$ cat target-v3.cif   # mmCIF, C-alpha atoms
data_coords
loop_
_atom_site.label_atom_id
_atom_site.label_comp_id
_atom_site.auth_asym_id
_atom_site.auth_seq_id
_atom_site.Cartn_x
_atom_site.Cartn_y
_atom_site.Cartn_z
CA MET M 3 -5.62 -1.34 -12.09
CA PRO M 4 -3.41 -3.67 -10.03
CA THR M 5 0.32 -3.03 -9.85
CA PHE M 6 2.83 -5.82 -10.37
CA GLY M 7 6.29 -5.73 -8.86
CA ALA M 8 9.30 -7.75 -7.78
CA ALA M 9 11.62 -7.70 -4.80
CA ALA M 10 14.73 -9.59 -3.74
CA VAL M 11 15.78 -10.86 -0.34
CA VAL M 12 19.56 -10.54 -0.71
CA ILE M 13 21.21 -12.82 1.84
CA SER M 14 24.90 -12.49 2.75
CA GLU M 15 26.37 -14.45 5.66
CA GLY M 16 22.88 -14.79 7.14
CA ASP M 17 22.11 -11.06 7.00
CA VAL M 18 19.58 -9.36 4.72
CA LEU M 19 20.13 -6.30 2.52
CA LEU M 20 17.72 -3.45 3.32
CA ILE M 21 17.15 0.08 2.11
CA LYS M 22 15.76 3.06 3.98
CA ARG M 23 13.26 4.51 1.50
CA ARG M 24 13.31 8.27 0.96
CA ASP M 25 9.54 8.49 0.25
CA CYS M 26 8.43 7.15 3.65
CA GLU M 27 11.67 7.08 5.66
CA ALA M 28 11.08 3.42 6.51
CA TRP M 29 13.29 0.36 6.04
CA ALA M 30 12.32 -2.17 3.38
CA LEU M 31 13.61 -4.69 0.88
CA PRO M 32 14.80 -3.37 -2.47
CA GLY M 33 12.22 -3.79 -5.20
CA GLY M 34 9.78 -2.03 -7.48
CA ASN M 35 7.30 -2.21 -10.32
CA VAL M 36 7.83 -4.26 -13.46
CA GLU M 37 8.61 -2.07 -16.48
CA ALA M 38 7.44 -2.69 -20.06
CA GLY M 39 9.43 -5.46 -21.78
CA GLU M 40 10.85 -6.77 -18.51
CA THR M 41 10.37 -10.06 -16.65
CA VAL M 42 9.81 -10.14 -12.89
CA ALA M 43 13.27 -11.70 -12.48
CA GLU M 44 14.85 -8.87 -14.46
CA THR M 45 12.91 -6.37 -12.35
CA ALA M 46 14.25 -7.80 -9.08
CA ILE M 47 17.84 -7.73 -10.35
CA ARG M 48 17.48 -4.20 -11.78
CA GLU M 49 15.84 -2.76 -8.68
CA VAL M 50 18.53 -4.08 -6.32
CA LYS M 51 21.27 -2.71 -8.60
CA GLU M 52 19.54 0.68 -9.00
CA GLU M 53 18.70 1.14 -5.34
CA THR M 54 21.87 -0.25 -3.72
CA GLY M 55 24.56 -0.66 -6.39
CA ILE M 56 24.78 -4.39 -5.56
CA ALA M 57 24.73 -6.93 -8.41
CA ILE M 58 22.84 -10.10 -7.45
CA GLU M 59 22.08 -13.62 -8.58
CA LEU M 60 18.55 -14.91 -7.99
CA THR M 61 18.64 -18.30 -6.28
CA ARG M 62 14.98 -19.18 -5.78
CA LEU M 63 11.43 -17.98 -6.27
CA VAL M 64 10.06 -17.47 -2.77
CA GLY M 65 6.50 -16.59 -3.75
CA ILE M 66 3.84 -14.13 -4.76
CA TYR M 67 2.47 -11.77 -2.12
CA ALA M 68 -0.88 -10.16 -2.88
CA SER M 69 -2.51 -7.09 -1.37
CA PRO M 70 -5.73 -6.81 -3.38
CA ARG M 71 -7.07 -3.80 -1.43
CA TRP M 72 -3.89 -1.70 -1.75
CA LEU M 73 -3.75 1.46 -3.86
CA SER M 74 -6.13 1.54 -6.84
CA GLY M 75 -6.71 -2.12 -7.71
CA GLY M 76 -4.22 -3.96 -5.56
CA ASN M 77 -0.54 -4.79 -5.52
CA HIS M 78 1.12 -8.13 -6.28
CA THR M 79 4.83 -8.68 -5.65
CA VAL M 80 6.97 -11.61 -6.77
CA VAL M 81 9.72 -12.19 -4.21
CA PHE M 82 13.02 -13.94 -4.90
CA ALA M 83 15.83 -15.15 -2.65
CA SER M 84 19.22 -14.05 -3.93
CA ARG M 85 22.89 -13.69 -3.17
CA PRO M 86 25.17 -10.71 -3.80
CA LEU M 87 27.75 -10.81 -6.59
CA SER M 88 29.33 -7.54 -5.48
CA GLN M 89 29.79 -5.78 -2.15
CA ARG M 90 30.24 -2.05 -2.86
CA MET M 91 27.03 -0.25 -1.92
CA THR M 92 26.08 2.96 -3.67
CA PRO M 93 22.53 3.84 -2.62
CA GLN M 94 20.45 5.73 -5.21
CA PRO M 95 19.99 9.16 -3.57
CA GLU M 96 16.66 9.93 -5.26
CA GLU M 97 14.97 6.89 -3.67
CA VAL M 98 17.25 5.62 -0.90
CA ILE M 99 18.51 7.38 2.25
CA GLU M 100 20.83 4.52 3.23
CA SER M 101 21.33 0.79 2.78
CA GLY M 102 22.97 -2.03 4.67
CA TYR M 103 22.85 -5.64 5.81
CA PHE M 104 20.86 -6.51 8.94
CA CYS M 105 20.17 -9.59 11.04
CA ALA M 106 16.61 -10.76 10.36
CA ASN M 107 15.99 -10.93 14.12
CA GLN M 108 17.02 -7.28 14.59
CA LEU M 109 15.37 -5.35 11.77
CA PRO M 110 15.57 -1.55 12.08
CA ASP M 111 12.56 0.67 12.78
CA PRO M 112 10.42 1.88 11.27
CA PHE M 113 10.06 -1.15 9.03
CA VAL M 114 7.55 -1.98 6.28
CA TRP M 115 5.64 -4.72 8.16
CA TRP M 116 4.63 -6.84 5.17
CA HIS M 117 8.28 -7.33 4.18
CA ARG M 118 8.91 -9.26 7.41
CA ARG M 119 6.98 -12.21 5.94
CA TRP M 120 8.99 -12.05 2.72
CA ILE M 121 12.27 -12.15 4.67
CA GLY M 122 11.12 -14.96 6.97
CA ASP M 123 9.89 -17.06 4.05
CA ALA M 124 13.15 -16.54 2.13
CA LEU M 125 15.29 -17.50 5.13
CA ASP M 126 13.05 -20.51 5.90
CA GLY M 127 13.51 -21.90 2.37
CA VAL M 128 9.91 -21.37 1.31
CA CYS M 129 9.46 -21.85 -2.42
CA GLY M 130 6.40 -21.04 -4.57
CA THR M 131 4.02 -19.75 -1.91
CA VAL M 132 1.07 -17.47 -2.58
CA CYS M 133 0.23 -15.29 0.39
CA LEU M 134 -2.53 -12.75 0.95
CA GLN M 135 -1.27 -9.73 2.89
CA ASP M 136 -4.30 -7.71 3.89
CA ARG M 137 -2.99 -4.13 3.81
CA ILE M 138 -5.58 -1.37 4.14
CA TRP M 139 -5.59 1.54 1.67
CA PRO M 140 -7.09 4.37 3.76
CA TRP M 141 -8.49 6.42 0.88
CA GLU M 142 -10.95 5.86 -1.95
CA ALA M 143 -9.86 3.29 -4.52
CA ASP M 144 -9.32 5.94 -7.20
CA VAL M 145 -6.66 7.83 -5.19
CA ASN M 146 -3.47 7.37 -7.21
CA ARG M 147 0.20 8.15 -6.51
CA ARG M 148 -0.15 11.77 -7.72
CA ASP M 149 -3.13 12.28 -5.40
CA LEU M 150 -1.16 10.65 -2.60
CA ARG M 151 1.68 13.14 -3.07
CA ARG M 152 -0.80 16.03 -2.80
CA ILE M 153 -2.41 14.52 0.33
CA PHE M 154 1.05 14.09 1.87
CA VAL M 155 2.10 17.70 1.18
CA GLU M 156 -1.20 19.03 2.57
CA SER M 157 -0.87 16.89 5.73
CA GLY M 158 2.16 18.79 7.03
CA LEU M 159 3.56 15.50 8.35
CA SER M 160 7.08 14.19 7.81
CA PRO M 161 7.33 11.27 5.37
CA GLN M 162 7.80 8.85 8.28
CA GLU M 163 4.87 10.28 10.26
CA PHE M 164 2.63 10.11 7.18
CA PHE M 165 3.67 6.50 6.48
CA GLN M 166 3.08 5.41 10.08
CA LYS M 167 -0.26 7.22 10.37
CA TYR M 168 -1.83 6.15 7.07
CA LEU M 169 0.03 3.32 5.35
CA THR M 170 0.76 0.67 7.98
CA ARG M 171 -2.72 -0.63 8.81
CA ALA M 172 -3.38 -4.33 8.41
CA GLY M 173 -6.82 -5.73 7.62
CA ALA M 174 -8.64 -8.38 9.63
CA GLU M 175 -6.91 -11.26 7.85
CA ARG M 176 -3.48 -9.63 8.13
CA GLU M 177 -1.69 -12.54 6.40
CA ARG M 178 -2.94 -15.83 5.06
CA VAL M 179 -1.06 -18.41 2.98
CA GLN M 180 -3.25 -19.44 0.05
CA VAL M 181 -0.89 -21.99 -1.56
#
$ encode --input "target-v3.cif" --output "structure tokens"
Amino acid sequence: MPTFGAAAVVISEGDVLLIKRRDCEAWALPGGNVEAGETVAETAIREVKEETGIAIELTRLVGIYASPRWLSGGNHTVVFASRPLSQRMTPQPEEVIESGYFCANQLPDPFVWWHRRWIGDALDGVCGTVCLQDRIWPWEADVNRRDLRRIFVESGLSPQEFFQKYLTRAGAERERVQV
């Protein structure tokens, strides 16, 4: 079954708010899955607040980014441009190692590669795009998040090593704007 999420590109004085995720020890935009009874806009606002402590205002729909071969059934993320309404960061320790603002031309490593497109599109003023991002899921389609946790533990790798070894491969199309 496909997952459906939302993310926000929070822009302050030309810099972009990022989080270093605890699960893979990589830098990314704040965001997550839509919960029952919630709109994608509400999800983006909630996820930024939960993960960083920053309240935001959405300013524009950037687009929908689809990875139909990711996880079990694909992943589709609605991305918004936004601006901060507060400045005090309080990263959520269960999910976030650290957070901060970064220049889009100097993103920290390791970085979730498919988020680069989201940031670039937000900063370029893109509105309403639909983009295929061909990310490769390296296991059978029925491997879920619980299975993934078991595979990770059995691998003996650090979260960052596991992420870089298994979860960063791009397919042949890599990225293609559809609309």
$ resolve_selection --input "target-v3.cif" --expression "the PyMOL selection byres ((chain M and resi 126-134) around 9)" --output "PyMOL selection string"
chain M and resi 62-70+83+121-125+135-136+175-181
$ resolve_selection --input "target-v3.cif" --expression "the PyMOL selection byres ((chain M and resi 6) around 12)" --output "mmCIF file with C-alpha atoms, in the frame of the given file"
data_model
loop_
_atom_site.group_PDB
_atom_site.id
_atom_site.type_symbol
_atom_site.label_atom_id
_atom_site.label_comp_id
_atom_site.auth_asym_id
_atom_site.auth_seq_id
_atom_site.Cartn_x
_atom_site.Cartn_y
_atom_site.Cartn_z
ATOM 1 C CA MET M 3 -5.620 -1.340 -12.090
ATOM 2 C CA PRO M 4 -3.410 -3.670 -10.030
ATOM 3 C CA THR M 5 0.320 -3.030 -9.850
ATOM 4 C CA GLY M 7 6.290 -5.730 -8.860
ATOM 5 C CA ALA M 8 9.300 -7.750 -7.780
ATOM 6 C CA ALA M 9 11.620 -7.700 -4.800
ATOM 7 C CA GLY M 33 12.220 -3.790 -5.200
ATOM 8 C CA GLY M 34 9.780 -2.030 -7.480
ATOM 9 C CA ASN M 35 7.300 -2.210 -10.320
ATOM 10 C CA VAL M 36 7.830 -4.260 -13.460
ATOM 11 C CA GLU M 37 8.610 -2.070 -16.480
ATOM 12 C CA ALA M 38 7.440 -2.690 -20.060
ATOM 13 C CA GLU M 40 10.850 -6.770 -18.510
ATOM 14 C CA THR M 41 10.370 -10.060 -16.650
ATOM 15 C CA VAL M 42 9.810 -10.140 -12.890
ATOM 16 C CA THR M 45 12.910 -6.370 -12.350
ATOM 17 C CA ALA M 46 14.250 -7.800 -9.080
ATOM 18 C CA ILE M 66 3.840 -14.130 -4.760
ATOM 19 C CA TYR M 67 2.470 -11.770 -2.120
ATOM 20 C CA ALA M 68 -0.880 -10.160 -2.880
ATOM 21 C CA SER M 69 -2.510 -7.090 -1.370
ATOM 22 C CA PRO M 70 -5.730 -6.810 -3.380
ATOM 23 C CA TRP M 72 -3.890 -1.700 -1.750
ATOM 24 C CA LEU M 73 -3.750 1.460 -3.860
ATOM 25 C CA GLY M 75 -6.710 -2.120 -7.710
ATOM 26 C CA GLY M 76 -4.220 -3.960 -5.560
ATOM 27 C CA ASN M 77 -0.540 -4.790 -5.520
ATOM 28 C CA HIS M 78 1.120 -8.130 -6.280
ATOM 29 C CA THR M 79 4.830 -8.680 -5.650
ATOM 30 C CA VAL M 80 6.970 -11.610 -6.770
ATOM 31 C CA VAL M 81 9.720 -12.190 -4.210
#
$ resolve_selection --input "target-v3.cif" --expression "the PyMOL selection byres ((chain M and resi 11) around 6)" --output "number ranges by chain"
M: 10, 12, 83-84
$ residues_around --input "target-v3.cif" --residues "Leu109 in chain M" --least-positions-apart "5" --cutoff "12 Å" --atoms "only C-alpha atoms" --output "ChimeraX atom specification"
/M:17-22,28-31,102-104,114-115,117-118,121-122
$ atom_distance --input "target-v3.cif" --atom1 "CA of Trp116 in chain M" --atom2 "CA of Phe164 in chain M"
17.2 Å
$ atom_distance --input "target-v3.cif" --atom1 "CA of Arg171 in chain M" --atom2 "CA of Ile138 in chain M"
5.5 Å
$ atom_distance --input "target-v3.cif" --atom1 "CA of Phe82 in chain M" --atom2 "CA of Asp25 in chain M"
23.3 Å
$ residues_around --input "target-v3.cif" --residues "Leu87 in chain M" --least-positions-apart "3" --cutoff "10 Å" --atoms "all atoms listed in the file" --output "PyMOL selection string"
chain M and resi 14+56-59+84+90
$ residues_around --input "target-v3.cif" --residues "Phe154 in chain M" --least-positions-apart "4" --cutoff "10 Å" --atoms "all atoms listed in the file" --output "count of residues only"
11
$ residues_around --input "target-v3.cif" --residues "range 92-96 of chain M" --least-positions-apart "6" --cutoff "8 Å" --atoms "all atoms listed in the file" --output "PDB file with C-alpha atoms, in the coordinates of the input"
ATOM      1  CA  ARG M  24      13.310   8.270   0.960  1.00  0.00           C
ATOM      2  CA  GLU M  52      19.540   0.680  -9.000  1.00  0.00           C
ATOM      3  CA  GLU M  53      18.700   1.140  -5.340  1.00  0.00           C
ATOM      4  CA  THR M  54      21.870  -0.250  -3.720  1.00  0.00           C
ATOM      5  CA  GLY M  55      24.560  -0.660  -6.390  1.00  0.00           C
ATOM      6  CA  ILE M  56      24.780  -4.390  -5.560  1.00  0.00           C
TER       7      ILE M  56
END
$ closest_residue --input "target-v3.cif" --among "M:Glu156, M:Glu142, M:Asp111, M:Glu100" --to "Arg23 in chain M" --atoms "all atoms listed in the file"
M:Glu100
$ closest_residue --input "target-v3.cif" --among "M:Arg119, M:Arg85, M:Lys167, M:Arg71" --to "Asp144 in chain M" --atoms "all atoms listed in the file"
M:Arg71
$ closest_residue --input "target-v3.cif" --among "M:Ala174, M:Met91, M:Ile153, M:Cys105" --to "Val50 in chain M" --atoms "all atoms listed in the file"
M:Met91
$ build_atoms --input "target-v3.cif" --residues "range 115-143 of chain M" --atoms "N, CA and C atoms" --output "compact mmCIF listing (two decimals), in the coordinates of the input"
# COMPACT_ATOMS: atom_id res chain seq x y z
N TRP M 115 6.00 -3.47 7.48
CA TRP M 115 5.64 -4.72 8.16
C TRP M 115 5.46 -5.89 7.22
N TRP M 116 4.91 -5.70 6.04
CA TRP M 116 4.63 -6.84 5.17
C TRP M 116 5.89 -7.47 4.59
N HIS M 117 7.02 -6.75 4.64
CA HIS M 117 8.28 -7.33 4.18
C HIS M 117 8.86 -8.33 5.17
N ARG M 118 8.44 -8.28 6.42
CA ARG M 118 8.91 -9.26 7.41
C ARG M 118 8.59 -10.69 6.95
N ARG M 119 7.39 -10.88 6.43
CA ARG M 119 6.98 -12.21 5.94
C ARG M 119 7.87 -12.65 4.79
N TRP M 120 8.16 -11.73 3.87
CA TRP M 120 8.99 -12.05 2.72
C TRP M 120 10.38 -12.52 3.17
N ILE M 121 10.95 -11.79 4.14
CA ILE M 121 12.27 -12.15 4.67
C ILE M 121 12.23 -13.50 5.37
N GLY M 122 11.25 -13.69 6.24
CA GLY M 122 11.12 -14.96 6.97
C GLY M 122 10.95 -16.13 6.03
N ASP M 123 10.09 -15.97 5.02
CA ASP M 123 9.89 -17.06 4.05
C ASP M 123 11.16 -17.36 3.28
N ALA M 124 11.90 -16.33 2.87
CA ALA M 124 13.15 -16.54 2.13
C ALA M 124 14.17 -17.28 2.99
N LEU M 125 14.32 -16.86 4.24
CA LEU M 125 15.29 -17.50 5.13
C LEU M 125 14.87 -18.91 5.53
N ASP M 126 13.57 -19.18 5.55
CA ASP M 126 13.05 -20.51 5.90
C ASP M 126 13.05 -21.48 4.72
N GLY M 127 13.46 -21.03 3.54
CA GLY M 127 13.51 -21.90 2.37
C GLY M 127 12.19 -22.10 1.66
N VAL M 128 11.21 -21.27 1.97
CA VAL M 128 9.91 -21.37 1.31
C VAL M 128 10.10 -21.17 -0.20
N CYS M 129 9.34 -21.93 -0.96
CA CYS M 129 9.46 -21.85 -2.42
C CYS M 129 8.06 -21.97 -3.04
N GLY M 130 7.65 -20.97 -3.83
CA GLY M 130 6.40 -21.04 -4.57
C GLY M 130 5.14 -20.78 -3.78
N THR M 131 5.22 -20.04 -2.70
CA THR M 131 4.02 -19.75 -1.91
C THR M 131 3.20 -18.64 -2.56
N VAL M 132 1.93 -18.60 -2.26
CA VAL M 132 1.07 -17.47 -2.58
C VAL M 132 0.45 -17.04 -1.26
N CYS M 133 0.66 -15.78 -0.91
CA CYS M 133 0.23 -15.29 0.39
C CYS M 133 -0.56 -14.00 0.23
N LEU M 134 -1.74 -13.96 0.86
CA LEU M 134 -2.53 -12.75 0.95
C LEU M 134 -1.97 -11.92 2.10
N GLN M 135 -1.67 -10.66 1.84
CA GLN M 135 -1.27 -9.73 2.89
C GLN M 135 -2.29 -8.60 2.87
N ASP M 136 -3.15 -8.60 3.85
CA ASP M 136 -4.30 -7.71 3.89
C ASP M 136 -3.90 -6.32 4.39
N ARG M 137 -3.35 -5.51 3.48
CA ARG M 137 -2.99 -4.13 3.81
C ARG M 137 -4.16 -3.22 3.45
N ILE M 138 -4.45 -2.27 4.32
CA ILE M 138 -5.58 -1.37 4.14
C ILE M 138 -5.14 -0.07 3.46
N TRP M 139 -5.78 0.25 2.34
CA TRP M 139 -5.59 1.54 1.67
C TRP M 139 -6.60 2.49 2.28
N PRO M 140 -6.16 3.55 2.97
CA PRO M 140 -7.09 4.37 3.76
C PRO M 140 -7.90 5.39 2.99
N TRP M 141 -7.76 5.46 1.67
CA TRP M 141 -8.49 6.42 0.88
C TRP M 141 -9.38 5.69 -0.12
N GLU M 142 -10.12 6.44 -0.89
CA GLU M 142 -10.95 5.86 -1.95
C GLU M 142 -10.06 5.12 -2.93
N ALA M 143 -10.63 4.13 -3.61
CA ALA M 143 -9.86 3.29 -4.52
C ALA M 143 -9.25 4.07 -5.68
